[in-house]
>>> print(open('protein_37.txt').read())   # compact mmCIF, C-alpha atoms and all ligand atoms
# COMPACT_ATOMS: atom_id res chain seq x y z
CA MET N 20 6.58 -3.47 -2.65
CA VAL N 21 5.09 -0.09 -3.53
CA LYS N 22 4.84 3.07 -1.46
CA VAL N 23 2.50 6.00 -1.03
CA SER N 24 3.57 8.99 1.03
CA ILE N 25 1.21 11.52 2.53
CA PRO N 26 2.56 14.87 3.75
CA TYR N 27 1.83 16.10 7.25
CA SER N 28 2.52 19.17 9.30
CA THR N 29 2.81 19.66 13.02
CA LYS N 30 1.65 22.50 15.19
CA GLU N 31 2.53 22.35 18.86
CA ASP N 32 1.44 18.90 20.00
CA LYS N 33 -0.83 18.11 17.06
CA LEU N 34 -0.14 16.43 13.75
CA TYR N 35 -2.20 17.42 10.73
CA MET N 36 -2.63 15.27 7.65
CA GLN N 37 -5.39 14.39 5.23
CA GLN N 38 -7.88 11.72 6.26
CA VAL N 39 -6.60 8.36 5.09
CA VAL N 40 -9.06 6.41 2.94
CA TRP N 41 -8.68 2.61 2.92
CA PRO N 42 -9.72 0.36 0.03
CA GLN N 43 -12.64 -1.90 0.95
CA GLN N 44 -10.71 -5.07 0.24
CA CYS N 45 -8.20 -7.19 2.11
CA PRO N 46 -4.61 -5.99 1.48
CA CYS N 47 -3.39 -9.61 1.72
CA CYS N 48 -5.81 -11.84 -0.26
CA LYS N 49 -7.96 -9.07 -1.84
CA SER N 50 -11.17 -10.60 -0.48
CA ARG N 51 -14.11 -8.18 -0.36
CA ASP N 52 -15.06 -9.51 3.07
CA VAL N 53 -13.43 -6.88 5.24
CA SER N 54 -15.36 -7.51 8.42
CA ALA N 55 -12.12 -7.48 10.44
CA GLU N 56 -9.69 -4.67 11.20
CA TYR N 57 -5.93 -4.64 11.46
CA GLY N 58 -4.57 -2.06 13.88
CA LEU N 59 -1.75 -0.21 12.14
CA SER N 60 0.17 2.22 14.31
CA HIS N 61 3.15 4.50 14.00
CA ASN N 62 4.90 6.98 16.22
CA ALA N 63 5.89 10.01 14.15
CA GLU N 64 8.69 11.98 15.74
CA ARG N 65 9.87 15.56 15.43
CA HIS N 66 13.18 16.80 16.78
CA VAL N 67 13.71 20.45 17.53
CA ILE N 68 17.18 21.67 18.45
CA SER N 69 17.11 24.66 20.77
CA SER N 70 20.26 26.75 21.13
CA THR N 71 20.23 27.95 24.75
CA PRO N 72 21.06 25.55 26.25
CA THR N 73 21.76 23.28 23.29
CA GLN N 74 19.42 20.36 23.48
CA THR N 75 17.21 18.27 21.25
CA VAL N 76 13.57 18.17 22.14
CA SER N 77 11.60 15.33 20.58
CA THR N 78 7.87 15.37 20.22
CA HIS N 79 6.01 12.14 19.55
CA TYR N 80 2.82 11.91 17.57
CA PRO N 81 1.21 8.51 18.00
CA LEU N 82 -0.91 7.58 14.97
CA ASN N 83 -3.39 4.72 14.61
CA TRP N 84 -5.41 3.41 11.70
CA ASN N 85 -7.94 0.62 11.54
CA VAL N 86 -7.22 -1.08 8.23
CA PRO N 87 -10.07 -3.14 6.73
CA TYR N 88 -8.83 -6.74 6.62
CA CYS N 89 -10.51 -10.08 6.05
CA PRO N 90 -10.94 -12.23 9.21
CA THR N 91 -8.97 -15.17 7.75
CA CYS N 92 -5.92 -13.05 6.99
CA LEU N 93 -6.09 -11.27 10.33
CA GLU N 94 -5.82 -14.72 11.92
CA HIS N 95 -2.62 -15.69 10.08
CA VAL N 96 -1.09 -12.26 10.75
CA GLN N 97 -1.76 -12.64 14.48
CA ALA N 98 -0.47 -16.24 14.44
CA ALA N 99 2.75 -15.14 12.70
CA SER N 100 3.40 -12.43 15.28
CA MET N 101 2.74 -14.93 18.08
CA MET N 102 5.30 -17.27 16.50
CA ARG N 103 7.91 -14.51 16.51
CA PHE N 104 7.16 -13.96 20.18
CA ALA N 105 7.50 -17.72 20.81
CA ALA N 106 10.86 -17.78 18.97
CA PHE N 107 12.10 -14.94 21.17
CA GLY N 108 10.94 -16.98 24.20
CA ILE N 109 12.97 -19.98 23.02
CA TRP N 110 16.06 -17.76 22.74
CA VAL N 111 15.57 -16.33 26.26
CA VAL N 112 15.12 -19.81 27.79
CA VAL N 113 18.21 -21.29 26.09
CA VAL N 114 20.35 -18.29 27.12
CA LEU N 115 19.11 -18.59 30.72
CA ILE N 116 19.88 -22.31 30.85
CA ALA N 117 23.37 -21.67 29.46
CA VAL N 118 24.02 -18.91 31.99
CA LEU N 119 22.86 -21.08 34.88
CA ALA N 120 24.94 -24.01 33.65
CA MET N 121 28.13 -21.95 33.52
CA PRO N 122 30.76 -23.30 35.86
CA ALA N 123 32.08 -21.01 38.57
CA SER N 124 35.62 -21.72 37.34
CA LEU N 125 34.83 -19.37 34.43
CA SER N 126 36.05 -16.43 36.52
CA THR N 127 39.61 -17.82 36.36
CA LEU N 128 39.67 -17.36 32.56
CA SER N 129 41.13 -14.30 30.87
CA SER N 130 38.67 -11.47 30.16
CA GLY N 131 38.98 -11.99 26.38
CA MET N 132 38.06 -15.66 26.75
CA ARG N 133 35.13 -14.76 29.01
CA THR N 134 33.82 -12.22 26.48
CA LEU N 135 34.02 -14.86 23.76
CA ILE N 136 32.01 -17.30 25.89
CA TYR N 137 29.37 -14.64 26.62
CA VAL N 138 29.04 -13.80 22.93
CA LEU N 139 28.61 -17.49 22.10
CA VAL N 140 26.00 -17.90 24.84
CA LEU N 141 23.97 -15.06 23.28
CA ALA N 142 24.54 -16.01 19.64
CA VAL N 143 24.26 -19.80 19.55
CA PRO N 144 20.62 -19.94 20.84
CA ILE N 145 19.58 -17.83 17.83
CA LEU N 146 19.80 -21.07 15.82
CA PRO N 147 17.24 -23.12 17.81
CA ALA N 148 15.02 -20.02 18.01
CA TRP N 149 15.18 -19.59 14.24
CA ILE N 150 14.47 -23.29 13.61
CA GLY N 151 11.60 -23.12 16.12
CA TYR N 152 10.20 -20.09 14.33
CA ARG N 153 10.40 -21.82 10.92
CA ILE N 154 8.62 -24.93 12.18
CA LEU N 155 5.98 -23.08 14.20
CA SER N 156 5.22 -20.55 11.48
CA ARG N 157 4.79 -23.30 8.86
CA ARG N 158 2.58 -25.35 11.17
CA VAL N 159 0.46 -22.59 12.62
CA ALA N 160 0.55 -19.40 10.55
CA ASP N 161 0.74 -21.02 7.12
CA SER N 162 -2.07 -23.46 7.91
CA LYS N 163 -4.38 -20.44 8.12
CA ARG N 164 -2.97 -18.93 4.97
CA GLN N 165 -4.89 -19.04 1.71
CA PRO N 166 -3.31 -19.51 -1.73
CA GLU N 167 -4.23 -15.89 -2.62
CA CYS N 168 -2.34 -14.50 0.36
CA ILE N 169 0.61 -12.30 -0.47
CA ASN N 170 2.41 -12.72 2.84
CA ARG N 171 2.22 -14.52 6.16
CA ASN N 172 2.96 -11.20 7.88
CA PRO N 173 1.01 -7.92 7.57
CA ALA N 174 0.66 -6.95 3.91
CA LEU N 175 1.35 -3.32 4.74
CA SER N 176 3.56 -1.22 6.99
CA VAL N 177 4.01 2.43 7.87
CA GLY N 178 6.91 4.76 8.61
CA SER N 179 7.71 8.47 8.41
CA GLU N 180 10.39 10.58 6.83
CA ASN N 181 10.86 14.30 6.07
CA GLY N 182 7.34 15.36 6.97
CA HIS N 183 5.68 12.47 5.18
CA ILE N 184 3.88 9.41 6.50
CA ILE N 185 4.93 6.57 4.21
CA PHE N 186 2.67 3.57 3.67
CA ALA N 187 4.29 0.50 2.11
CA PHE N 188 2.23 -2.25 0.46
CA GLU N 189 3.26 -5.77 -0.52
CA ASP N 190 0.61 -5.86 -3.25
CA ALA N 191 1.12 -3.34 -6.08
CA GLU N 192 -2.54 -3.43 -7.15
CA TYR N 193 -3.77 -2.66 -3.64
CA GLY N 194 -1.12 0.08 -3.38
CA ALA N 195 -2.34 1.64 -6.63
CA LEU N 196 -5.91 1.61 -5.35
CA PHE N 197 -4.81 3.24 -2.09
CA ALA N 198 -2.87 5.90 -4.03
CA GLU N 199 -5.95 6.66 -6.15
CA LEU N 200 -8.32 6.87 -3.19
CA ASN N 201 -5.99 9.23 -1.37
CA ASP N 202 -5.06 11.24 -4.45
CA ARG N 203 -1.33 10.64 -4.03
CA PRO N 204 1.27 9.29 -6.48
CA LEU N 205 2.34 5.65 -6.31
CA GLU N 206 6.07 5.26 -5.67
CA PRO N 207 8.11 2.18 -6.58
ZN ZN G 1 -7.47 -11.61 3.31
ZN ZN G 2 -3.61 -13.46 3.96
>>> encode(input="protein_37.txt", output="structure tokens")
Amino acid sequence: MVKVSIPYSTKEDKLYMQQVVWPQQCPCCKSRDVSAEYGLSHNAERHVISSTPTQTVSTHYPLNWNVPYCPTCLEHVQAASMMRFAAFGIWVVVVLIAVLAMPASLSTLSSGMRTLIYVLVLAVPILPAWIGYRILSRRVADSKRQPECINRNPALSVGSENGHIIFAFEDAEYGALFAELNDRPLEP
């Protein structure tokens, strides 16, 4: 994983930063067919502490980029995120069933015992959800994956820190190209 950070400044409700230039190749498989776009978004935040009365005011700056991606990789990225959503669904359903199946006699237990049961009800279904995710992601997301692909998930992500928007790339070569195009140093 390599990173490239781009400085920004804020003035009232606007965020100013240089125009981001994207390499014309897929960040996942490096195909030159970039007829698809991956929507990358980030919410940069700025906190200002005012003294009278003391309070923190946060301003949000929603940012969006359309990253050139190949259609095949966009498909496996979308499938992988759908699988995570499905795994979360499995967890919710198992928790609901457990809650509904709880006997009314539970209220006669001590509060410590009840807390333990509640924790178990929330924690145990993580296992079937995780297994479900593993199976579904292998079956669905990985079937769309090519041997050149670097990841089943998005090959890049974005965050912000200390007045910089930070782009992180799974592929070092792609990251280096991005750094060059945007005239910024490549960070390990
Ligand atoms: Zn690709
Ligand atoms: Zn891919």
>>> closest_atom_pairs(input="protein_37.txt", of="chain N", to="ligand ZN 1 (chain G)", cutoff="6 Å", atoms="only C-alpha atoms and all ligand atoms", output="tab-separated table")
residue	atom	partner	partner_atom	distance
N:Cys45	CA	G:ZN1	ZN	4.6
N:Cys47	CA	G:ZN1	ZN	4.8
N:Cys48	CA	G:ZN1	ZN	3.9
N:Lys49	CA	G:ZN1	ZN	5.8
N:Ser50	CA	G:ZN1	ZN	5.4
N:Cys89	CA	G:ZN1	ZN	4.4
N:Thr91	CA	G:ZN1	ZN	5.9
N:Cys92	CA	G:ZN1	ZN	4.2
>>> residues_near_ligand(input="protein_37.txt", ligand="ligand ZN 2 (chain G)", cutoff="12 Å", atoms="only C-alpha atoms and all ligand atoms", output="PDB file with C-alpha atoms, keeping the file's coordinate frame")
ATOM      1  CA  GLN N  44     -10.710  -5.070   0.240  1.00  0.00           C
ATOM      2  CA  CYS N  45      -8.200  -7.190   2.110  1.00  0.00           C
ATOM      3  CA  PRO N  46      -4.610  -5.990   1.480  1.00  0.00           C
ATOM      4  CA  CYS N  47      -3.390  -9.610   1.720  1.00  0.00           C
ATOM      5  CA  CYS N  48      -5.810 -11.840  -0.260  1.00  0.00           C
ATOM      6  CA  LYS N  49      -7.960  -9.070  -1.840  1.00  0.00           C
ATOM      7  CA  SER N  50     -11.170 -10.600  -0.480  1.00  0.00           C
ATOM      8  CA  VAL N  53     -13.430  -6.880   5.240  1.00  0.00           C
ATOM      9  CA  TYR N  57      -5.930  -4.640  11.460  1.00  0.00           C
ATOM     10  CA  TYR N  88      -8.830  -6.740   6.620  1.00  0.00           C
ATOM     11  CA  CYS N  89     -10.510 -10.080   6.050  1.00  0.00           C
ATOM     12  CA  PRO N  90     -10.940 -12.230   9.210  1.00  0.00           C
ATOM     13  CA  THR N  91      -8.970 -15.170   7.750  1.00  0.00           C
ATOM     14  CA  CYS N  92      -5.920 -13.050   6.990  1.00  0.00           C
ATOM     15  CA  LEU N  93      -6.090 -11.270  10.330  1.00  0.00           C
ATOM     16  CA  GLU N  94      -5.820 -14.720  11.920  1.00  0.00           C
ATOM     17  CA  HIS N  95      -2.620 -15.690  10.080  1.00  0.00           C
ATOM     18  CA  VAL N  96      -1.090 -12.260  10.750  1.00  0.00           C
ATOM     19  CA  GLN N  97      -1.760 -12.640  14.480  1.00  0.00           C
ATOM     20  CA  ALA N  98      -0.470 -16.240  14.440  1.00  0.00           C
ATOM     21  CA  ALA N  99       2.750 -15.140  12.700  1.00  0.00           C
ATOM     22  CA  ALA N 160       0.550 -19.400  10.550  1.00  0.00           C
ATOM     23  CA  ASP N 161       0.740 -21.020   7.120  1.00  0.00           C
ATOM     24  CA  SER N 162      -2.070 -23.460   7.910  1.00  0.00           C
ATOM     25  CA  LYS N 163      -4.380 -20.440   8.120  1.00  0.00           C
ATOM     26  CA  ARG N 164      -2.970 -18.930   4.970  1.00  0.00           C
ATOM     27  CA  GLN N 165      -4.890 -19.040   1.710  1.00  0.00           C
ATOM     28  CA  PRO N 166      -3.310 -19.510  -1.730  1.00  0.00           C
ATOM     29  CA  GLU N 167      -4.230 -15.890  -2.620  1.00  0.00           C
ATOM     30  CA  CYS N 168      -2.340 -14.500   0.360  1.00  0.00           C
ATOM     31  CA  ILE N 169       0.610 -12.300  -0.470  1.00  0.00           C
ATOM     32  CA  ASN N 170       2.410 -12.720   2.840  1.00  0.00           C
ATOM     33  CA  ARG N 171       2.220 -14.520   6.160  1.00  0.00           C
ATOM     34  CA  ASN N 172       2.960 -11.200   7.880  1.00  0.00           C
ATOM     35  CA  PRO N 173       1.010  -7.920   7.570  1.00  0.00           C
ATOM     36  CA  ALA N 174       0.660  -6.950   3.910  1.00  0.00           C
ATOM     37  CA  LEU N 175       1.350  -3.320   4.740  1.00  0.00           C
ATOM     38  CA  GLU N 189       3.260  -5.770  -0.520  1.00  0.00           C
ATOM     39  CA  ASP N 190       0.610  -5.860  -3.250  1.00  0.00           C
TER      40      ASP N 190
END
>>> atom_distance(input="protein_37.txt", atom1="CA of Leu59 in chain N", atom2="CA of Asn83 in chain N")
5.8 Å
>>> atom_distance(input="protein_37.txt", atom1="CA of Ser24 in chain N", atom2="CA of Leu200 in chain N")
12.8 Å
>>> atom_distance(input="protein_37.txt", atom1="CA of Ser156 in chain N", atom2="CA of Met101 in chain N")
9.0 Å
>>> residues_around(input="protein_37.txt", residues="Leu141 in chain N", least_positions_apart="3", cutoff="10 Å", atoms="only C-alpha atoms", output="PyMOL selection string")
chain N and resi 110-111+113-115+117-118+136-138+144-145
>>> closest_residue(input="protein_37.txt", among="N:Ile184, N:Ala195, N:Met102, N:Ala142", to="Tyr35 in chain N", atoms="only C-alpha atoms")
N:Ile184
>>> residues_around(input="protein_37.txt", residues="Gly58 in chain N", least_positions_apart="4", cutoff="7 Å", atoms="only C-alpha atoms", output="number ranges by chain")
N: 83-86
>>> closest_residue(input="protein_37.txt", among="N:Val23, N:Val67, N:Ala106, N:Val159", to="Phe197 in chain N", atoms="only C-alpha atoms")
N:Val23
>>> closest_residue(input="protein_37.txt", among="N:Ser28, N:Thr75, N:Gln43, N:Gln37", to="Tyr193 in chain N", atoms="all atoms listed in the file")
N:Gln43
>>> residues_around(input="protein_37.txt", residues="Ala187 in chain N", least_positions_apart="2", cutoff="6 Å", atoms="only C-alpha atoms", output="ChimeraX atom specification")
/N:21-22,175-176
>>> closest_residue(input="protein_37.txt", among="N:Leu128, N:Glu56, N:Gln74, N:Ala63", to="Met36 in chain N", atoms="only C-alpha atoms")
N:Ala63
>>> closest_residue(input="protein_37.txt", among="N:Pro42, N:Lys30, N:Phe188, N:Ala148", to="Pro207 in chain N", atoms="all atoms listed in the file")
N:Phe188
>>> closest_residue(input="protein_37.txt", among="N:Leu155, N:Leu34, N:Ala191, N:Ala198", to="Pro81 in chain N", atoms="all atoms listed in the file")
N:Leu34
